[in-house]
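Colleague: Here you go, one structure.
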Protein chains: 2
Amino acid sequence: MDRNNRARNNVPQTNRRRFLKGGAAVAGLAAGAVQSAKAVPPESELKVKGTTKELIAYGERSRFVKSIRTPVAERDSPDAFGLMFHVNTPLADLVGSITPSSLHYLATHRGSFIPEIDPQQHRLMIHGMVDRPLIFTMDELKRFPSVTRVHFLECIGNRAKPTHKTVTETHGMTSNSEWTGVLLSTLLKECGVQNGATWIVTEGAEEIKGASSVPLGKAMDDCLIAWGMNGEPIRPQQGFPLRIIVPGFEGIFQTKYLRRIKVVDRYYMTYNDYGHINPDPKTTALGNQMGPKSVITYPSGEQQLSGPGAYEISGLAWSGAGAIRNVEVSTDGGKNWKQAELRTPAFRMAHVRFALPWRWDGKECVILSRCTDELGTIQPSRAQAAAYFNKPLTPDFRVPGADNTIQSWRIMSNGSVRNEFA
Amino acid sequence: MDRNNRARNNVPQTNRRRFLKGGAAVAGLAAGAVQSAKAVPPESELKVKGTTKELIAYGERSRFVKSIRTPVAERDSPDAFGLMFHVNTPLADLVGSITPSSLHYLATHRGSFIPEIDPQQHRLMIHGMVDRPLIFTMDELKRFPSVTRVHFLECIGNRAKPTHKTVTETHGMTSNSEWTGVLLSTLLKECGVQNGATWIVTEGAEEIKGASSVPLGKAMDDCLIAWGMNGEPIRPQQGFPLRIIVPGFEGIFQTKYLRRIKVVDRYYMTYNDYGHINPDPKTTALGNQMGPKSVITYPSGEQQLSGPGAYEISGLAWSGAGAIRNVEVSTDGGKNWKQAELRTPAFRMAHVRFALPWRWDGKECVILSRCTDELGTIQPSRAQAAAYFNKPLTPDFRVPGADNTIQSWRIMSNGSVRNEFA
């Protein structure tokens, strides 16, 4: 301890302006103890800006923060579904568990862009096998008891490929938000579901109507008719003013711009069954619960470690079947596993942030994570998935349906990180 | 159940375009069962927009969503502190528990606007009574084990006045975020705190240096050196790139643009002691834990009920001493109380959303909420606060220090809502 330093730094008795420049210099003298040689920037470098107008209304992020979503697919598909558009969340840039609404992933299909809906004009109709078909305004919906729950969404197309370089490319089609709305069960009870009903069909107000069939049991359990997202109205790209959240099911079930729910007695095939259509509608519908899945977001592909030393391995885990119970991390290609810490609450069907402090010895290695959910289901490796589906494990082996296999990253001795597709 | 309706609505076998117009008309026929006479808007009213550019990058909210923060005070104060600026969170518009970062309340003082800091250039220095004074870059800080925690912030000026009309005016100087950073205790252990140290002084890089004294016990307990806010970097108005979170303490302690922490052996009086300066520094410093406090945000001042019937009373509760254990709501001016439901997790030193389904009979009434925290402390009424401070309960009675008294709203028989300052 430099007592002279302490004396000089006595804030109230010193010229504060002079102190800061002096303080940085003093700290710099204690060279052995100081990690960085760079001094605290002088005040002259700290520009100030801001007007009354900028300070009020709706705040913005720093111009030094450049994280954006990345389009990963845009094509006129040959199967007559038209333009397909995926915009991925920059997972490598995120911290904590909540995805900023502005960075929530986005998937549109078949030429369907973002409808611009006046919430005063929007209606939700519930009809079909109910005693009382009802049409609700947004204001009427908000008079029901509401719930707020954190849930992830994930597109079934969210899968790593050998050509992918970053975690945004391999896993960026999942995001996590605090959703607010009314339980669908509350509305269905208001309408009175009739005997014999077994499914619902949800339809959105998109240019082409998004529609999905959901088992009535799921509808009565935990489906949410949501108008709120991270504290404010759902963003247009995520379904403003109303969408359904079907917790844990793949993204296509989370109908945006929700305008109609029909209660029916059978699985309805819809345009939304594109891509994973199946001769057996029950298999098609029920095979769409996601995960358990996890991925290390730091260090991940294209990131750079600055040299041997202490780091924190950090990532996200989630399951469509419930809460994440456990995440393990290996730093030797899967030979040994260590228990990671869960750094945010493990809500059901929600991202949880995991982390493991780690000291890198500077040698080439492969890091990976695997999670276990509350049902005890363990995230599989690609080799396990290939064996399960009785296929050879080649680079072009594609997991049928949702791919929740383990993601590996190879750290090179120069600190660069590569997608280890294995 | 209208079987004809069901047959016509069989989605896959019907012209979907024609169905939607027909479906709305059919639903309209069941007049007795339908809440709203308005039909689902025809598709022609649903404009579509969107270009590739709009779909990517960083999403925006709907043009129909107009919630903004409101400046409630802007003045050249007579006490030489210069411009004071408060911008309040529109609490009445929010749902759930997380405050959107763009709507987080903002308080600046003494001419201090928003410094524009390059995070690559930013440093945090920890010095004073430590074995190893250290200077950290942002990258170095992020290599330490991080934590993510939900905490509220609240300005000590957050108090209802008889002239206030809305909950934004009475309570909008509090917000709630998911913060990510490193525990200050982790950094202090790295520096080695010396015997005899009892306080820290935190200093920001504002034009005038914000600085606050925090007891070392609090610093070693749960203070967070945060760079993340709701999943992304802290916004400039909230302290980008680095701030301290002192959970549960009043806003002035949450130093933004944090550049220096000095470990010392006494309470340091600073410019930040403005307004609540006290001859006894221990009283000044230790009297600044907030709450327990709650407020009903719906129905609240200037809102309008559309007539007798079912509503949900909803609001927020928080305490600087820990988690909220219980919230009660009265709809008869405080004679009878009912247990509200907690609709989000009750984290320590965080907003929790409470709600109570309620049937309004159309008669004039006064609604209010009170909360109890994990220590068993109950939010007081203004009358209780006046009695405690041995003052007469007049409209100009001002609670010394933080005001956590109960807020009442009077609902008139025409459905309008007024601030009941009592």
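Residues are referred to by chain and number: the chain letter is A, B, ... according to the order shown in the structure tokens, the number counts from 1 in that chain, and ligands are numbered separately from 1 in the order shown.
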Excluding Leu258 (chain A) and residues on its chain fewer than 5 positions from it, collect all residues at most 8 Å away from it, counting only C-alpha atoms, and give them as a PDB file with N, CA and C atoms, in the first residue's frame.
Modeller:
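Written output follows (out-v2.pdb):
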ATOM      1  N   LEU A 124     -59.406 -10.979 -31.582  1.00  0.00           N
ATOM      2  CA  LEU A 124     -59.144 -12.414 -31.515  1.00  0.00           C
ATOM      3  C   LEU A 124     -60.484 -13.133 -31.446  1.00  0.00           C
ATOM      4  N   THR A 202     -54.538 -22.413 -34.627  1.00  0.00           N
ATOM      5  CA  THR A 202     -54.287 -20.984 -34.389  1.00  0.00           C
ATOM      6  C   THR A 202     -53.923 -20.327 -35.703  1.00  0.00           C
ATOM      7  N   GLU A 203     -54.469 -19.150 -35.935  1.00  0.00           N
ATOM      8  CA  GLU A 203     -54.244 -18.485 -37.221  1.00  0.00           C
ATOM      9  C   GLU A 203     -53.847 -17.032 -37.009  1.00  0.00           C
ATOM     10  N   GLY A 204     -52.831 -16.593 -37.752  1.00  0.00           N
ATOM     11  CA  GLY A 204     -52.351 -15.224 -37.668  1.00  0.00           C
ATOM     12  C   GLY A 204     -52.867 -14.368 -38.802  1.00  0.00           C
ATOM     13  N   ALA A 205     -52.678 -13.057 -38.671  1.00  0.00           N
ATOM     14  CA  ALA A 205     -53.180 -12.099 -39.662  1.00  0.00           C
ATOM     15  C   ALA A 205     -52.115 -11.731 -40.678  1.00  0.00           C
ATOM     16  N   GLY A 239     -44.864 -10.240 -33.615  1.00  0.00           N
ATOM     17  CA  GLY A 239     -46.281 -10.563 -33.631  1.00  0.00           C
ATOM     18  C   GLY A 239     -47.230  -9.499 -33.125  1.00  0.00           C
ATOM     19  N   LEU A 242     -50.539  -9.273 -30.893  1.00  0.00           N
ATOM     20  CA  LEU A 242     -50.948 -10.457 -30.137  1.00  0.00           C
ATOM     21  C   LEU A 242     -50.348 -11.705 -30.782  1.00  0.00           C
ATOM     22  N   ARG A 243     -49.813 -12.580 -29.958  1.00  0.00           N
ATOM     23  CA  ARG A 243     -49.334 -13.856 -30.480  1.00  0.00           C
ATOM     24  C   ARG A 243     -49.617 -14.938 -29.446  1.00  0.00           C
ATOM     25  N   ILE A 244     -49.487 -16.181 -29.898  1.00  0.00           N
ATOM     26  CA  ILE A 244     -49.570 -17.273 -28.942  1.00  0.00           C
ATOM     27  C   ILE A 244     -48.159 -17.742 -28.614  1.00  0.00           C
TER      28      ILE A 244
END
Colleague: Region 160-163 of chain A: which residues within 10 Å, counting only C-alpha atoms, same-chain residues fewer than 3 positions away excluded, as a list of chain:residue names?
Modeller: A:Gly157, A:Thr166, A:Val167, A:Thr168, A:Glu169, A:Thr170, A:His171, A:Gly172, A:Pro395, A:Asp396, A:Phe397, A:Arg398, A:Asp403, A:Asn404, A:Thr405, A:Ile406, A:Gln407, A:Asn419, A:Glu420, A:Phe421, A:Ala422
Colleague: Could you save those same residues with C-alpha atoms as a compact mmCIF listing (two decimals), in the first residue's frame?
Modeller:
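Saved the output as selection.txt:
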# COMPACT_ATOMS: atom_id res chain seq x y z
CA GLY A 157 -34.01 -24.78 -38.60
CA THR A 166 -20.02 -18.41 -35.47
CA VAL A 167 -22.52 -19.30 -32.76
CA THR A 168 -24.88 -16.80 -34.37
CA GLU A 169 -24.90 -19.02 -37.44
CA THR A 170 -25.05 -22.35 -35.58
CA HIS A 171 -27.56 -21.41 -32.85
CA GLY A 172 -28.88 -17.86 -33.44
CA PRO A 395 -20.42 -34.51 -41.96
CA ASP A 396 -23.63 -34.49 -44.00
CA PHE A 397 -25.59 -36.52 -41.44
CA ARG A 398 -28.62 -34.37 -40.71
CA ASP A 403 -31.34 -30.87 -33.89
CA ASN A 404 -30.33 -30.54 -30.24
CA THR A 405 -26.92 -32.17 -30.50
CA ILE A 406 -23.83 -31.01 -28.66
CA GLN A 407 -21.81 -28.15 -30.19
CA ASN A 419 -16.54 -24.62 -35.22
CA GLU A 420 -15.72 -28.25 -34.49
CA PHE A 421 -18.49 -30.03 -36.33
CA ALA A 422 -18.15 -33.54 -34.95
Colleague: Please identify the alpha helix (DSSP H) residues within region 239-386 of chain A (assignment by DSSP from backbone atoms) and present them as an MDAnalysis selection string.
Modeller: chainID A and resid 281:286 382:386
Colleague: Residues at most 6 Å from Val352 (chain B), counting only C-alpha atoms, excluding those fewer than 6 positions away in the same chain, as a list in words?
Modeller: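 Contacts, with the query itself left out: Ser97, Leu316, Ala317, Thr344 and Ala346 of chain B.
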Colleague: How many Å separate CA of Asn230 (chain B) from CA of Phe85 (chain A)?
Modeller: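 Interatomic distance here is 26.2 Å.
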Colleague: Compile the contact shell of Arg343 (chain B) as a ChimeraX atom specification: residues with an atom at most 10 Å away, counting only C-alpha atoms, same-chain residues fewer than 3 positions apart removed.
Modeller: /A:145-149,180 /B:96-97,314-316,340,346,352-356
